[in-house]
Each structure stands twice: as C-alpha cells, then as structure tokens.
file target-v3.pdb (PDB, C-alpha atoms)
ATOM      1  CA  MET A  15      -7.451 -12.229 -21.170
ATOM      2  CA  ARG A  16     -10.320 -12.267 -23.653
ATOM      3  CA  GLU A  17     -13.055 -12.542 -21.030
ATOM      4  CA  ILE A  18     -11.808  -9.579 -18.965
ATOM      5  CA  ARG A  19     -11.248  -7.357 -21.994
ATOM      6  CA  VAL A  20     -15.009  -7.448 -22.477
ATOM      7  CA  ARG A  21     -15.567  -5.553 -19.214
ATOM      8  CA  THR A  22     -13.678  -2.276 -19.174
ATOM      9  CA  SER A  23     -16.358   0.361 -18.600
ATOM     10  CA  TYR A  24     -15.497   0.551 -14.886
ATOM     11  CA  ARG A  25     -11.896   1.598 -15.635
ATOM     12  CA  PRO A  26     -11.091   5.305 -15.271
ATOM     13  CA  ARG A  27      -8.934   5.068 -18.417
ATOM     14  CA  PRO A  28      -8.859   2.803 -21.504
ATOM     15  CA  LEU A  29      -6.802  -0.372 -21.550
ATOM     16  CA  PRO A  30      -3.116   0.348 -22.175
ATOM     17  CA  SER A  31      -1.673  -0.251 -25.615
ATOM     18  CA  GLY A  32       0.724  -3.103 -26.250
ATOM     19  CA  ARG A  33       0.793  -6.529 -24.642
ATOM     20  CA  TRP A  34       0.739  -7.421 -20.981
ATOM     21  CA  ALA A  35       4.068  -8.661 -19.652
ATOM     22  CA  LEU A  36       3.039 -10.617 -16.571
ATOM     23  CA  THR A  37      -0.080 -12.305 -15.277
ATOM     24  CA  GLN A  38      -0.816 -13.795 -11.863
ATOM     25  CA  ARG A  39      -3.771 -14.751  -9.685
ATOM     26  CA  TRP A  40      -4.221 -13.333  -6.163
ATOM     27  CA  ASN A  41      -5.950 -15.653  -3.680
ATOM     28  CA  ASP A  42      -7.473 -15.305  -0.196
ATOM     29  CA  VAL A  43      -6.661 -11.610  -0.031
ATOM     30  CA  LEU A  44      -7.115  -9.560   3.132
ATOM     31  CA  PHE A  45      -7.276  -5.783   2.711
ATOM     32  CA  ALA A  46      -6.638  -4.058   6.064
ATOM     33  CA  HIS A  47      -6.711  -0.249   5.804
ATOM     34  CA  TRP A  48      -6.197   2.625   8.227
ATOM     35  CA  PRO A  49      -6.758   6.368   7.667
ATOM     36  CA  VAL A  50      -3.745   8.558   8.423
ATOM     37  CA  PRO A  51      -2.969  12.269   7.995
ATOM     38  CA  PRO A  52      -1.507  12.911   4.515
ATOM     39  CA  ALA A  53       1.461  14.700   6.117
ATOM     40  CA  GLN A  54       2.655  11.357   7.534
ATOM     41  CA  LEU A  55       3.070   9.911   4.060
ATOM     42  CA  THR A  56       4.157  12.892   1.971
ATOM     43  CA  PRO A  57       7.879  12.507   2.852
ATOM     44  CA  LEU A  58       7.754   8.881   1.651
ATOM     45  CA  ILE A  59       6.406   9.709  -1.813
ATOM     46  CA  PRO A  60       8.764  10.663  -4.673
ATOM     47  CA  ASP A  61       8.526  13.844  -6.709
ATOM     48  CA  GLY A  62       6.032  13.507  -9.529
ATOM     49  CA  LEU A  63       3.449  11.764  -7.337
ATOM     50  CA  GLN A  64       1.027  13.128  -4.772
ATOM     51  CA  ILE A  65      -0.932  11.484  -1.987
ATOM     52  CA  ASP A  66      -4.507  10.578  -2.940
ATOM     53  CA  THR A  67      -7.110  11.089  -0.221
ATOM     54  CA  PHE A  68     -10.650  10.025   0.558
ATOM     55  CA  GLU A  69     -12.668  12.507   2.601
ATOM     56  CA  GLY A  70      -9.457  14.241   3.623
ATOM     57  CA  SER A  71      -7.552  11.168   4.817
ATOM     58  CA  ALA A  72      -4.678   9.298   3.251
ATOM     59  CA  TRP A  73      -4.864   5.520   3.643
ATOM     60  CA  VAL A  74      -2.296   2.873   4.518
ATOM     61  CA  GLY A  75      -3.036  -0.717   3.575
ATOM     62  CA  VAL A  76      -1.512  -4.020   4.679
ATOM     63  CA  VAL A  77      -2.422  -6.796   2.244
ATOM     64  CA  PRO A  78      -1.530 -10.484   2.835
ATOM     65  CA  PHE A  79      -2.419 -13.123   0.209
ATOM     66  CA  TRP A  80      -0.959 -15.930  -1.862
ATOM     67  CA  MET A  81      -0.527 -15.954  -5.599
ATOM     68  CA  ASP A  82      -0.454 -18.619  -8.292
ATOM     69  CA  ARG A  83      -0.878 -19.006 -12.079
ATOM     70  CA  ILE A  84       2.144 -16.761 -12.531
ATOM     71  CA  LYS A  85       3.261 -16.329 -16.134
ATOM     72  CA  VAL A  86       5.822 -14.044 -17.736
ATOM     73  CA  ARG A  87       5.000 -13.523 -21.411
ATOM     74  CA  GLY A  88       7.426 -15.413 -23.646
ATOM     75  CA  VAL A  89       9.190 -17.161 -20.755
ATOM     76  CA  PRO A  90       8.699 -20.854 -19.887
ATOM     77  CA  PRO A  91       7.448 -21.569 -16.356
ATOM     78  CA  ILE A  92      10.239 -21.316 -13.800
ATOM     79  CA  PRO A  93      10.247 -24.206 -11.295
ATOM     80  CA  GLY A  94       9.395 -23.109  -7.787
ATOM     81  CA  THR A  95       7.779 -19.801  -8.758
ATOM     82  CA  ARG A  96       4.263 -20.892  -9.637
ATOM     83  CA  SER A  97       2.781 -20.285  -6.184
ATOM     84  CA  PHE A  98       3.915 -18.425  -3.057
ATOM     85  CA  PRO A  99       2.612 -16.085  -0.321
ATOM     86  CA  GLU A 100       3.139 -12.320  -0.386
ATOM     87  CA  LEU A 101       2.525  -9.341   1.892
ATOM     88  CA  ASN A 102       2.521  -5.683   0.897
ATOM     89  CA  LEU A 103       2.374  -2.293   2.574
ATOM     90  CA  ARG A 104       0.791   0.308   0.322
ATOM     91  CA  THR A 105      -0.710   3.727   0.026
ATOM     92  CA  TYR A 106      -2.588   5.506  -2.750
ATOM     93  CA  VAL A 107      -1.292   8.247  -4.987
ATOM     94  CA  ARG A 108      -1.912  10.181  -8.175
ATOM     95  CA  ASP A 109       0.401  11.126 -10.979
ATOM     96  CA  ALA A 110       0.856  14.845 -10.327
ATOM     97  CA  GLN A 111       0.818  15.586 -14.072
ATOM     98  CA  SER A 112      -2.072  13.486 -15.398
ATOM     99  CA  GLY A 113      -4.009  12.858 -12.185
ATOM    100  CA  SER A 114      -4.037   9.092 -12.802
ATOM    101  CA  PRO A 115      -4.777   7.217  -9.547
ATOM    102  CA  GLY A 116      -2.674   4.231  -8.585
ATOM    103  CA  VAL A 117      -0.984   2.189  -5.871
ATOM    104  CA  TYR A 118       2.367   3.091  -4.341
ATOM    105  CA  PHE A 119       4.038   0.139  -2.631
ATOM    106  CA  LEU A 120       6.159   1.067   0.360
ATOM    107  CA  SER A 121       7.314  -2.535   0.751
ATOM    108  CA  LEU A 122       6.556  -6.031  -0.496
ATOM    109  CA  ASP A 123       7.540  -9.237   1.307
ATOM    110  CA  ALA A 124       7.570 -12.511  -0.612
ATOM    111  CA  GLY A 125       8.331 -16.050   0.387
ATOM    112  CA  ASN A 126      10.066 -16.756  -2.925
ATOM    113  CA  LEU A 127      13.583 -15.466  -3.582
ATOM    114  CA  MET A 128      13.218 -15.634  -7.375
ATOM    115  CA  ALA A 129      10.081 -13.479  -7.216
ATOM    116  CA  VAL A 130      11.969 -10.949  -5.101
ATOM    117  CA  ALA A 131      14.764 -10.771  -7.687
ATOM    118  CA  VAL A 132      12.378 -10.438 -10.648
ATOM    119  CA  GLY A 133      10.225  -7.794  -8.938
ATOM    120  CA  ARG A 134      13.278  -5.707  -8.085
ATOM    121  CA  ALA A 135      14.952  -6.101 -11.488
ATOM    122  CA  PHE A 136      12.038  -5.513 -13.856
ATOM    123  CA  TYR A 137       9.641  -3.322 -11.850
ATOM    124  CA  HIS A 138      12.037  -1.711  -9.327
ATOM    125  CA  LEU A 139       9.639  -2.686  -6.565
ATOM    126  CA  PRO A 140      10.899  -2.671  -2.946
ATOM    127  CA  TYR A 141      10.707  -6.432  -2.455
ATOM    128  CA  HIS A 142      12.124  -8.228   0.587
ATOM    129  CA  TRP A 143      12.731 -11.935   1.064
ATOM    130  CA  ALA A 144      10.692 -13.224   3.991
ATOM    131  CA  GLN A 145       9.849 -16.440   5.766
ATOM    132  CA  ILE A 146       6.074 -16.651   5.358
ATOM    133  CA  ARG A 147       3.572 -19.202   6.590
ATOM    134  CA  PHE A 148       0.102 -19.218   5.060
ATOM    135  CA  GLU A 149      -2.358 -21.756   6.414
ATOM    136  CA  ARG A 150      -5.939 -22.334   5.312
ATOM    137  CA  GLN A 151      -7.804 -23.683   8.310
ATOM    138  CA  ASN A 152     -11.037 -24.087   6.372
ATOM    139  CA  GLU A 153     -12.813 -22.424   3.440
ATOM    140  CA  ARG A 154     -13.130 -19.113   5.319
ATOM    141  CA  ASP A 155     -10.395 -18.961   7.974
ATOM    142  CA  PHE A 156      -6.707 -18.275   7.355
ATOM    143  CA  VAL A 157      -3.464 -17.781   9.273
ATOM    144  CA  PHE A 158      -0.705 -15.585   7.848
ATOM    145  CA  GLU A 159       2.692 -15.069   9.491
ATOM    146  CA  SER A 160       5.660 -13.263   7.965
ATOM    147  CA  GLN A 161       9.155 -12.525   9.234
ATOM    148  CA  ARG A 162      11.538 -10.598   6.999
ATOM    149  CA  ARG A 163      14.914 -12.275   6.455
ATOM    150  CA  LEU A 164      18.363 -10.664   6.616
ATOM    151  CA  GLN A 165      17.226  -7.718   8.758
ATOM    152  CA  SER A 166      19.042  -6.143  11.693
ATOM    153  CA  SER A 167      15.691  -5.328  13.303
ATOM    154  CA  PRO A 168      12.717  -7.702  13.098
ATOM    155  CA  VAL A 169       9.899  -6.837  10.692
ATOM    156  CA  GLU A 170       7.027  -9.212  11.368
ATOM    157  CA  PHE A 171       3.341  -9.585  10.629
ATOM    158  CA  LYS A 172       0.956 -12.085  12.224
ATOM    159  CA  ALA A 173      -2.768 -12.282  11.647
ATOM    160  CA  ARG A 174      -5.771 -14.568  11.546
ATOM    161  CA  TYR A 175      -8.547 -13.513   9.208
ATOM    162  CA  ARG A 176     -11.735 -14.758   7.657
ATOM    163  CA  GLY A 177     -14.104 -13.786   4.862
ATOM    164  CA  LEU A 178     -17.710 -13.254   5.896
ATOM    165  CA  GLY A 179     -19.322 -13.969   2.547
ATOM    166  CA  PRO A 180     -20.517 -11.732  -0.282
ATOM    167  CA  THR A 181     -23.112  -9.023   0.259
ATOM    168  CA  ARG A 182     -25.118  -6.957  -2.191
ATOM    169  CA  LYS A 183     -23.323  -3.815  -0.995
ATOM    170  CA  LEU A 184     -19.897  -5.214  -1.858
ATOM    171  CA  ALA A 185     -20.814  -7.340  -4.855
ATOM    172  CA  GLU A 186     -19.200  -4.685  -7.057
ATOM    173  CA  SER A 187     -17.951  -1.479  -5.477
ATOM    174  CA  ARG A 188     -19.031   1.767  -7.123
ATOM    175  CA  PRO A 189     -17.106   4.981  -7.849
ATOM    176  CA  GLY A 190     -17.374   7.376  -4.933
ATOM    177  CA  THR A 191     -17.308   4.653  -2.279
ATOM    178  CA  LEU A 192     -14.394   3.939   0.032
ATOM    179  CA  GLU A 193     -14.214   0.356  -1.276
ATOM    180  CA  PHE A 194     -13.718   1.598  -4.833
ATOM    181  CA  PHE A 195     -11.085   4.124  -3.724
ATOM    182  CA  LEU A 196      -9.075   1.452  -1.886
ATOM    183  CA  THR A 197      -9.184  -1.388  -4.397
ATOM    184  CA  GLU A 198     -10.004  -0.264  -7.937
ATOM    185  CA  ARG A 199      -6.534   0.968  -8.907
ATOM    186  CA  TYR A 200      -5.318   0.220 -12.422
ATOM    187  CA  CYS A 201      -1.668   1.186 -12.256
ATOM    188  CA  LEU A 202       1.207   0.969  -9.819
ATOM    189  CA  PHE A 203       3.946   3.510  -9.274
ATOM    190  CA  THR A 204       7.504   3.125  -8.059
ATOM    191  CA  VAL A 205      10.906   4.720  -8.738
ATOM    192  CA  ASN A 206      13.867   3.477 -10.761
ATOM    193  CA  ARG A 207      17.489   3.400  -9.659
ATOM    194  CA  ALA A 208      17.894   7.040 -10.695
ATOM    195  CA  GLY A 209      15.016   8.035  -8.418
ATOM    196  CA  ARG A 210      12.652   8.847 -11.300
ATOM    197  CA  PRO A 211       9.012   7.731 -10.967
ATOM    198  CA  ILE A 212       7.845   4.928 -13.211
ATOM    199  CA  ARG A 213       4.431   3.425 -13.839
ATOM    200  CA  ALA A 214       3.105  -0.006 -14.788
ATOM    201  CA  ASP A 215      -0.492  -0.406 -15.943
ATOM    202  CA  VAL A 216      -2.645  -3.139 -14.403
ATOM    203  CA  HIS A 217      -5.916  -4.716 -15.470
ATOM    204  CA  HIS A 218      -8.457  -6.968 -13.770
ATOM    205  CA  VAL A 219     -12.188  -7.234 -13.347
ATOM    206  CA  PRO A 220     -13.642  -5.361 -10.336
ATOM    207  CA  TRP A 221     -12.605  -6.927  -7.033
ATOM    208  CA  PRO A 222     -15.258  -9.353  -5.713
ATOM    209  CA  LEU A 223     -15.126  -8.047  -2.145
ATOM    210  CA  GLU A 224     -16.554  -9.460   1.068
ATOM    211  CA  ASP A 225     -16.671  -8.108   4.591
ATOM    212  CA  ALA A 226     -13.972  -9.621   6.785
ATOM    213  CA  GLU A 227     -12.839 -10.172  10.356
ATOM    214  CA  ALA A 228      -9.196 -10.156  11.418
ATOM    215  CA  ASP A 229      -7.140 -10.531  14.547
ATOM    216  CA  ILE A 230      -3.852  -8.785  13.756
ATOM    217  CA  GLU A 231      -1.457  -9.902  16.470
ATOM    218  CA  ARG A 232       1.636  -8.133  15.146
ATOM    219  CA  ASN A 233       2.196  -5.559  12.399
ATOM    220  CA  ASP A 234       5.700  -4.045  12.167
ATOM    221  CA  LEU A 235       5.431  -2.857   8.575
ATOM    222  CA  PRO A 236       4.106   0.723   9.066
ATOM    223  CA  ALA A 237       6.476   1.483  11.962
ATOM    224  CA  ALA A 238       9.431   0.550   9.730
ATOM    225  CA  PHE A 239       8.590   3.739   7.788
ATOM    226  CA  GLY A 240       7.806   5.887  10.802
ATOM    227  CA  ILE A 241       4.055   5.598  10.185
ATOM    228  CA  THR A 242       1.843   5.717  13.273
ATOM    229  CA  LEU A 243      -1.479   3.954  12.787
ATOM    230  CA  PRO A 244      -4.562   5.235  14.602
ATOM    231  CA  GLY A 245      -5.934   3.327  17.574
ATOM    232  CA  GLU A 246      -9.151   2.461  15.754
ATOM    233  CA  LYS A 247      -9.756  -0.881  14.103
ATOM    234  CA  PRO A 248      -8.857  -1.148  10.417
ATOM    235  CA  VAL A 249     -11.351  -1.219   7.570
ATOM    236  CA  LEU A 250     -11.369  -4.859   6.466
ATOM    237  CA  HIS A 251     -12.259  -6.583   3.207
ATOM    238  CA  TYR A 252     -11.613 -10.057   1.854
ATOM    239  CA  SER A 253     -11.497 -11.394  -1.699
ATOM    240  CA  ARG A 254     -11.387 -15.043  -2.705
ATOM    241  CA  ARG A 255      -9.386 -14.729  -5.940
ATOM    242  CA  LEU A 256      -8.692 -12.437  -8.874
ATOM    243  CA  ALA A 257      -6.595 -12.674 -12.057
ATOM    244  CA  VAL A 258      -4.315  -9.684 -12.599
ATOM    245  CA  TYR A 259      -2.514  -8.599 -15.788
ATOM    246  CA  ILE A 260       0.477  -6.245 -15.606
ATOM    247  CA  TRP A 261       2.082  -4.257 -18.428
ATOM    248  CA  PRO A 262       5.797  -3.311 -18.657
ATOM    249  CA  ALA A 263       6.984  -0.444 -16.465
ATOM    250  CA  ALA A 264       7.782   2.897 -18.118
ATOM    251  CA  LEU A 265       8.909   6.342 -17.034
ATOM    252  CA  LEU A 266       6.158   8.827 -16.290
ATOM    253  CA  ARG A 267       5.740  11.157 -19.224
ATOM    254  CA  PRO A 268       5.921  14.906 -18.616
ATOM    255  CA  ALA A 269       2.603  16.645 -19.131
ATOM    256  CA  LEU A 270       2.115  18.267 -22.520
ATOM    257  CA  SER A 271       1.798  22.038 -22.436
ATOM    258  CA  ARG A 272      -1.828  23.002 -22.182
ATOM    259  CA  ARG A 273      -3.099  25.591 -24.622
ATOM    260  CA  PRO A 274      -6.259  27.571 -23.799
ATOM    261  CA  LEU A 275      -9.373  26.382 -25.591
ATOM    262  CA  PRO A 276     -10.879  28.782 -28.117
ATOM    263  CA  ALA A 277     -14.121  30.378 -27.018
ATOM    264  CA  THR A 278     -16.078  28.418 -29.638
ATOM    265  CA  ALA A 279     -14.991  25.137 -28.005
ATOM    266  CA  VAL A 280     -16.176  26.065 -24.513
ATOM    267  CA  PRO A 281     -19.729  24.856 -23.711
ATOM    268  CA  GLN A 282     -22.106  27.725 -23.118
ATOM    269  CA  SER A 283     -24.501  27.678 -20.171
TER     270      SER A 283
END
call {"tool": "encode", "arguments": {"input": "target-v3.pdb", "output": "structure tokens"}}
result
Amino acid sequence: MREIRVRTSYRPRPLPSGRWALTQRWNDVLFAHWPVPPAQLTPLIPDGLQIDTFEGSAWVGVVPFWMDRIKVRGVPPIPGTRSFPELNLRTYVRDAQSGSPGVYFLSLDAGNLMAVAVGRAFYHLPYHWAQIRFERQNERDFVFESQRRLQSSPVEFKARYRGLGPTRKLAESRPGTLEFFLTERYCLFTVNRAGRPIRADVHHVPWPLEDAEADIERNDLPAAFGITLPGEKPVLHYSRRLAVYIWPAALLRPALSRRPLPATAVPQS
C-alpha cells in the first residue's frame, strides 16, 4: 500500500480514513462500454444516487477479468479463494448529496462460491455463482466464457479479446476524457437489505489502459435488466493488471445543511 499512497493527486477526493478491509489484483481486464439514454437506467438506480453522464449519455459497461492476490485484513488466506475469474455489469453514478462519482454494479458473476458469499454478506453486492472459463491463448489474446448457475433463464457471456499495447494517449487518462470518466472511479455504491444506499471507498493507481479488440459472441447481461444496447460497436479498453484496495462499506451520510456564506467570504470579481 505504501507505494500507491504516494500517488494520490489524481483522486477527486482524499484517501479515506481508517484501514482498508480487502485487497485484490485485477488481471487481463477488458472494459467494453456502450452509451445509452439515462432514462433506461434511472429505474434501476436506488434513491440517493443519480446517473452520471458523459456528453449527455449514460454508460453501461461489461467487464471480464480474473483476480488474484486476494487478502482480507486480519483473516488468514482461505484455500480456493486466491484466484478466480469474474464478470461484472456496471454503470456510473453520483451520490445525489455530495456529488461523489462512483461505480454502481448491476450484477457480478464469479466462478468462486466463497467469493459470492463474502461479496453478498459484507458488501451487499449482487453476486451470482457462475461457471466461467478464462483462457490465455498468448500474452495478448484471451477467451472468456460465463454461464450463470441456478437460473431459470440462461445468462451467458462469450468473448474473445486482445490488448493492442500501450499508447501515449492512454498511458494515463486525464480528467475530462471518456477514458477517465469510465475507469477512474474511487468508490462503489450498492444497497443494503433495507434498501438504503451504501458506499465503499476504493483506491488504486490510475488504470494503465491500452486499446483493445474484442469479438463478443454473446452478452445476455444487459437484457437481464431490460437494457437495450445500441447497434454500434462498444468502446474497448484493456488493462494488464492493477492492485485494488477496498475500505469497509458504510451507509451514505445525509448532506449537512448548507448555510449561506457571508459576503466577506465570497471572492470578488
């Protein structure tokens, strides 16, 4: 954690107080994103959050990857949970009170039943147990296939993708760019069993993004929520690996009442 604490100037807010609760490393990540009208997603977002947009569009992302180096603070390693593939369907939101931007996961599919149980119990995330095959064909080409278990209707995802190598444009995405909007999110939101929104802070260095190619053969995840993707090809990015630190989840705090600033505190033109 020491080396990534040094670089925090790119964060929209300071590092959270307290200690991180969970760390993991994401590997061979494909970001596939589509623009959609915000009205499609608004019914899926709980009160207290609002859809975040870029140039007027909301965005839906499908993100396959595999994770390792998983550690829960204060807990010995659990056999069988150190490495497994995962797939998530996400959109981007803001806390309606503070304006903090973050990720809202519509669903997460994992190939590890223990991870599903922990994610649901401690972070109230909508995890599903899935049969997932991740295959590295070479250093740049990957196959990812997922089929959700214990479902009355099939929910599947199949894709082949490859990273195209780093470029100067994507070496470190900048605020105001689409890449920054889609990937540089330092908290996640979900809801607890009572339906109240909760937040968990996240920290990592900026995503080392590459351009990518992908052949997505099947993608049932958006349709499971009634989301219709546009006919255009998705915006694609790839990242080799990134360490992620996650803090405990907590209820969103109501905004403090705002008092008007005295005239002497208002900058004069």
call {"tool": "resolve_selection", "arguments": {"input": "target-v3.pdb", "expression": "the PyMOL selection byres ((chain A and resi 153-167) around 8)", "output": "list of chain:residue names"}}
result
A:Pro78, A:Leu101, A:Asp123, A:His142, A:Trp143, A:Ala144, A:Gln145, A:Ile146, A:Arg147, A:Phe148, A:Glu149, A:Arg150, A:Gln151, A:Asn152, A:Pro168, A:Val169, A:Glu170, A:Phe171, A:Lys172, A:Ala173, A:Arg174, A:Tyr175, A:Arg176, A:Gly177, A:Leu178
call {"tool": "closest_residue", "arguments": {"input": "target-v3.pdb", "among": "A:Val258, A:Ala208, A:Ala237, A:Leu127", "to": "A:Gln54", "atoms": "all atoms listed in the file"}}
result
A:Ala237
call {"tool": "closest_residue", "arguments": {"input": "target-v3.pdb", "among": "A:Asn126, A:Gly62, A:Ala35, A:Asp234", "to": "A:Ala263", "atoms": "all atoms listed in the file"}}
result
A:Ala35
call {"tool": "atom_distance", "arguments": {"input": "target-v3.pdb", "atom1": "atom CA of A:Glu198", "atom2": "atom CA of A:His218"}}
result
9.0 Å
call {"tool": "resolve_selection", "arguments": {"input": "target-v3.pdb", "expression": "the PyMOL selection byres ((chain A and resi 96) around 12)", "output": "ChimeraX atom specification"}}
result
/A:37-40,80-86,90-95,97-99,125-126,128-129
call {"tool": "write_last_selection", "arguments": {"input": "target-v3.pdb", "atoms": "C-alpha atoms", "output": "mmCIF file, in the frame of the given file"}}
result
data_model
loop_
_atom_site.group_PDB
_atom_site.id
_atom_site.type_symbol
_atom_site.label_atom_id
_atom_site.label_comp_id
_atom_site.auth_asym_id
_atom_site.auth_seq_id
_atom_site.Cartn_x
_atom_site.Cartn_y
_atom_site.Cartn_z
ATOM 1 C CA THR A 37 -0.080 -12.305 -15.277
ATOM 2 C CA GLN A 38 -0.816 -13.795 -11.863
ATOM 3 C CA ARG A 39 -3.771 -14.751 -9.685
ATOM 4 C CA TRP A 40 -4.221 -13.333 -6.163
ATOM 5 C CA TRP A 80 -0.959 -15.930 -1.862
ATOM 6 C CA MET A 81 -0.527 -15.954 -5.599
ATOM 7 C CA ASP A 82 -0.454 -18.619 -8.292
ATOM 8 C CA ARG A 83 -0.878 -19.006 -12.079
ATOM 9 C CA ILE A 84 2.144 -16.761 -12.531
ATOM 10 C CA LYS A 85 3.261 -16.329 -16.134
ATOM 11 C CA VAL A 86 5.822 -14.044 -17.736
ATOM 12 C CA PRO A 90 8.699 -20.854 -19.887
ATOM 13 C CA PRO A 91 7.448 -21.569 -16.356
ATOM 14 C CA ILE A 92 10.239 -21.316 -13.800
ATOM 15 C CA PRO A 93 10.247 -24.206 -11.295
ATOM 16 C CA GLY A 94 9.395 -23.109 -7.787
ATOM 17 C CA THR A 95 7.779 -19.801 -8.758
ATOM 18 C CA SER A 97 2.781 -20.285 -6.184
ATOM 19 C CA PHE A 98 3.915 -18.425 -3.057
ATOM 20 C CA PRO A 99 2.612 -16.085 -0.321
ATOM 21 C CA GLY A 125 8.331 -16.050 0.387
ATOM 22 C CA ASN A 126 10.066 -16.756 -2.925
ATOM 23 C CA MET A 128 13.218 -15.634 -7.375
ATOM 24 C CA ALA A 129 10.081 -13.479 -7.216
#
call {"tool": "residues_around", "arguments": {"input": "target-v3.pdb", "residues": "A:Ile65", "least_positions_apart": "4", "cutoff": "12 Å", "atoms": "all atoms listed in the file", "output": "ChimeraX atom specification"}}
result
/A:50-61,70-74,104-110,113-118,203
call {"tool": "resolve_selection", "arguments": {"input": "target-v3.pdb", "expression": "the PyMOL selection byres ((chain A and resi 223-229) around 10)", "output": "MDAnalysis selection string"}}
result
chainID A and resid 43:46 154:157 172:187 193 197 220:222 230:232 247:255
call {"tool": "closest_residue", "arguments": {"input": "target-v3.pdb", "among": "A:Gly190, A:Pro28, A:Gly88, A:Gly133", "to": "A:Asn206", "atoms": "all atoms listed in the file"}}
result
A:Gly133
call {"tool": "closest_residue", "arguments": {"input": "target-v3.pdb", "among": "A:Cys201, A:Leu235, A:Leu196, A:Ile241", "to": "A:Phe68", "atoms": "only C-alpha atoms"}}
result
A:Leu196
call {"tool": "residues_around", "arguments": {"input": "target-v3.pdb", "residues": "A:Arg33", "least_positions_apart": "2", "cutoff": "10 Å", "atoms": "only C-alpha atoms", "output": "JSON, numbers by chain"}}
result
{"A": [30, 31, 35, 36, 87, 259, 260, 261, 262]}
call {"tool": "atom_distance", "arguments": {"input": "target-v3.pdb", "atom1": "atom CA of A:Ile212", "atom2": "atom CA of A:Leu256"}}
result
24.4 Å
call {"tool": "closest_residue", "arguments": {"input": "target-v3.pdb", "among": "A:Val77, A:Leu63, A:Ala264, A:Ala124", "to": "A:Ser112", "atoms": "all atoms listed in the file"}}
result
A:Leu63
call {"tool": "closest_residue", "arguments": {"input": "target-v3.pdb", "among": "A:Tyr137, A:Trp34, A:Phe119, A:Tyr200", "to": "A:Val219", "atoms": "all atoms listed in the file"}}
result
A:Tyr200
call {"tool": "decode", "arguments": {"input": "target-v3.pdb", "residues": "stretch 188-242 of chain A", "atoms": "C-alpha atoms", "output": "PDB file, in the first residue's frame"}}
result
ATOM      1  CA  ARG A 188      -6.772  12.664 -17.918  1.00  0.00           C
ATOM      2  CA  PRO A 189      -9.809  14.315 -16.301  1.00  0.00           C
ATOM      3  CA  GLY A 190     -12.305  15.375 -18.940  1.00  0.00           C
ATOM      4  CA  THR A 191     -11.659  12.389 -21.204  1.00  0.00           C
ATOM      5  CA  LEU A 192     -14.046   9.494 -21.719  1.00  0.00           C
ATOM      6  CA  GLU A 193     -11.368   7.051 -20.517  1.00  0.00           C
ATOM      7  CA  PHE A 194     -11.087   8.876 -17.195  1.00  0.00           C
ATOM      8  CA  PHE A 195     -14.878   9.019 -16.803  1.00  0.00           C
ATOM      9  CA  LEU A 196     -15.232   5.263 -17.378  1.00  0.00           C
ATOM     10  CA  THR A 197     -12.361   3.938 -15.283  1.00  0.00           C
ATOM     11  CA  GLU A 198     -11.141   6.390 -12.644  1.00  0.00           C
ATOM     12  CA  ARG A 199     -13.842   5.741 -10.041  1.00  0.00           C
ATOM     13  CA  TYR A 200     -12.788   5.620  -6.399  1.00  0.00           C
ATOM     14  CA  CYS A 201     -15.888   4.303  -4.684  1.00  0.00           C
ATOM     15  CA  LEU A 202     -18.614   1.772  -5.325  1.00  0.00           C
ATOM     16  CA  PHE A 203     -22.263   2.048  -4.393  1.00  0.00           C
ATOM     17  CA  THR A 204     -24.855  -0.596  -3.636  1.00  0.00           C
ATOM     18  CA  VAL A 205     -27.857  -1.022  -1.317  1.00  0.00           C
ATOM     19  CA  ASN A 206     -28.231  -2.962   1.924  1.00  0.00           C
ATOM     20  CA  ARG A 207     -31.017  -5.368   2.813  1.00  0.00           C
ATOM     21  CA  ALA A 208     -33.196  -2.453   3.927  1.00  0.00           C
ATOM     22  CA  GLY A 209     -32.819  -0.831   0.509  1.00  0.00           C
ATOM     23  CA  ARG A 210     -30.634   2.019   1.795  1.00  0.00           C
ATOM     24  CA  PRO A 211     -27.642   3.055  -0.344  1.00  0.00           C
ATOM     25  CA  ILE A 212     -24.199   2.256   0.984  1.00  0.00           C
ATOM     26  CA  ARG A 213     -20.732   3.178  -0.215  1.00  0.00           C
ATOM     27  CA  ALA A 214     -17.295   1.568  -0.085  1.00  0.00           C
ATOM     28  CA  ASP A 215     -14.201   3.609  -0.918  1.00  0.00           C
ATOM     29  CA  VAL A 216     -11.639   2.194  -3.350  1.00  0.00           C
ATOM     30  CA  HIS A 217      -8.048   3.121  -4.098  1.00  0.00           C
ATOM     31  CA  HIS A 218      -5.598   2.239  -6.863  1.00  0.00           C
ATOM     32  CA  VAL A 219      -3.123   3.952  -9.123  1.00  0.00           C
ATOM     33  CA  PRO A 220      -4.538   5.232 -12.446  1.00  0.00           C
ATOM     34  CA  TRP A 221      -5.528   2.396 -14.773  1.00  0.00           C
ATOM     35  CA  PRO A 222      -2.745   1.564 -17.268  1.00  0.00           C
ATOM     36  CA  LEU A 223      -5.070   1.354 -20.269  1.00  0.00           C
ATOM     37  CA  GLU A 224      -4.488   0.021 -23.768  1.00  0.00           C
ATOM     38  CA  ASP A 225      -6.659   0.000 -26.857  1.00  0.00           C
ATOM     39  CA  ALA A 226      -8.348  -3.355 -27.383  1.00  0.00           C
ATOM     40  CA  GLU A 227     -10.155  -5.548 -29.888  1.00  0.00           C
ATOM     41  CA  ALA A 228     -12.998  -7.881 -28.953  1.00  0.00           C
ATOM     42  CA  ASP A 229     -15.353 -10.305 -30.607  1.00  0.00           C
ATOM     43  CA  ILE A 230     -18.333 -10.516 -28.248  1.00  0.00           C
ATOM     44  CA  GLU A 231     -20.278 -13.564 -29.376  1.00  0.00           C
ATOM     45  CA  ARG A 232     -22.933 -13.479 -26.657  1.00  0.00           C
ATOM     46  CA  ASN A 233     -23.862 -10.923 -23.994  1.00  0.00           C
ATOM     47  CA  ASP A 234     -27.057 -11.610 -22.009  1.00  0.00           C
ATOM     48  CA  LEU A 235     -26.221  -9.396 -19.046  1.00  0.00           C
ATOM     49  CA  PRO A 236     -27.816  -6.064 -20.126  1.00  0.00           C
ATOM     50  CA  ALA A 237     -31.011  -7.711 -21.414  1.00  0.00           C
ATOM     51  CA  ALA A 238     -31.497  -9.341 -17.994  1.00  0.00           C
ATOM     52  CA  PHE A 239     -32.206  -5.798 -16.735  1.00  0.00           C
ATOM     53  CA  GLY A 240     -34.242  -4.676 -19.720  1.00  0.00           C
ATOM     54  CA  ILE A 241     -31.328  -2.637 -21.094  1.00  0.00           C
ATOM     55  CA  THR A 242     -31.154  -2.316 -24.876  1.00  0.00           C
TER      56      THR A 242
END
